[in-house]
Amino acid sequence: MTWHWIGLALFSLTLLPAGLAVITGRIPERLRTRLAPTRTRGWAILALYAVAPLNTIPRLAGASPAITLAATATAGIVAVTGCTAAAIAALRTANTAS
């Protein structure tokens with residue numbers, strides 16, 4: 001249980017503020033060229049952040065194994081969606097640069 005709390009706190013302190021900053025456009029100028037579609041990448045970061053609460057909260061609440069499995073499966077789908085959004089953003093940037 002301790003590792004679940006540590007993971008949730010770590011992801012909440014790192015990925016949540018980073019994702020919100022990228023979505024709102026508050027990124028350093030030197031990163032603007034590398035993170036061209038910033039809103040898309042920000043949503044991808046937030047999707048990857050959402051995996052931590054979706055996986056941890058049912059376990060900490062003592063939910064049944066079926067609910068825990070459903071939440072973990074949902075977290076996996078959200079993670080794949082976030083990774084796909086980040087990949088599409090990178091491909092879009094690469095295609096416009098060449």
# chains A, B, ... in the order shown; residues from 1 in each chain; ligands from 1
>>> residues_around(residues="Ala79 of chain A", least_positions_apart="2", cutoff="12 Å", atoms="only C-alpha atoms", output="PyMOL selection string")
chain A and resi 43-52+54-55+72-77+81-86
>>> write_last_selection(atoms="C-alpha atoms", output="PDB file, in the first residue's frame")
ATOM      1  CA  TRP A  43      -3.222  16.007 -23.435  1.00  0.00           C
ATOM      2  CA  ALA A  44      -0.942  13.005 -23.986  1.00  0.00           C
ATOM      3  CA  ILE A  45       0.918  13.800 -20.750  1.00  0.00           C
ATOM      4  CA  LEU A  46      -2.376  14.126 -18.860  1.00  0.00           C
ATOM      5  CA  ALA A  47      -3.559  10.797 -20.291  1.00  0.00           C
ATOM      6  CA  LEU A  48      -0.391   9.163 -19.011  1.00  0.00           C
ATOM      7  CA  TYR A  49      -0.931  10.834 -15.634  1.00  0.00           C
ATOM      8  CA  ALA A  50      -4.488   9.469 -15.463  1.00  0.00           C
ATOM      9  CA  VAL A  51      -3.102   5.939 -15.343  1.00  0.00           C
ATOM     10  CA  ALA A  52      -1.817   6.422 -11.786  1.00  0.00           C
ATOM     11  CA  LEU A  54      -7.093   4.863 -12.233  1.00  0.00           C
ATOM     12  CA  ASN A  55      -4.809   2.070 -11.105  1.00  0.00           C
ATOM     13  CA  THR A  72      -6.624  -1.256 -14.593  1.00  0.00           C
ATOM     14  CA  ALA A  73      -7.948  -2.143 -18.054  1.00  0.00           C
ATOM     15  CA  THR A  74      -9.318   1.390 -18.409  1.00  0.00           C
ATOM     16  CA  ALA A  75      -5.932   2.762 -17.350  1.00  0.00           C
ATOM     17  CA  GLY A  76      -4.269   0.665 -20.030  1.00  0.00           C
ATOM     18  CA  ILE A  77      -6.627   2.007 -22.686  1.00  0.00           C
ATOM     19  CA  THR A  81      -4.491   6.597 -26.190  1.00  0.00           C
ATOM     20  CA  GLY A  82      -1.965   9.028 -24.667  1.00  0.00           C
ATOM     21  CA  CYS A  83       0.969   7.315 -26.337  1.00  0.00           C
ATOM     22  CA  THR A  84      -0.861   7.317 -29.671  1.00  0.00           C
ATOM     23  CA  ALA A  85      -1.612  11.034 -29.338  1.00  0.00           C
ATOM     24  CA  ALA A  86       2.049  11.748 -28.579  1.00  0.00           C
TER      25      ALA A  86
END
>>> atom_distance(atom1="atom CA of Thr56 of chain A", atom2="atom CA of Val78 of chain A")
14.3 Å
>>> closest_residue(among="A:Pro53, A:Ala87, A:Gly42, A:Ser64", to="Ala9 of chain A", atoms="only C-alpha atoms")
A:Pro53
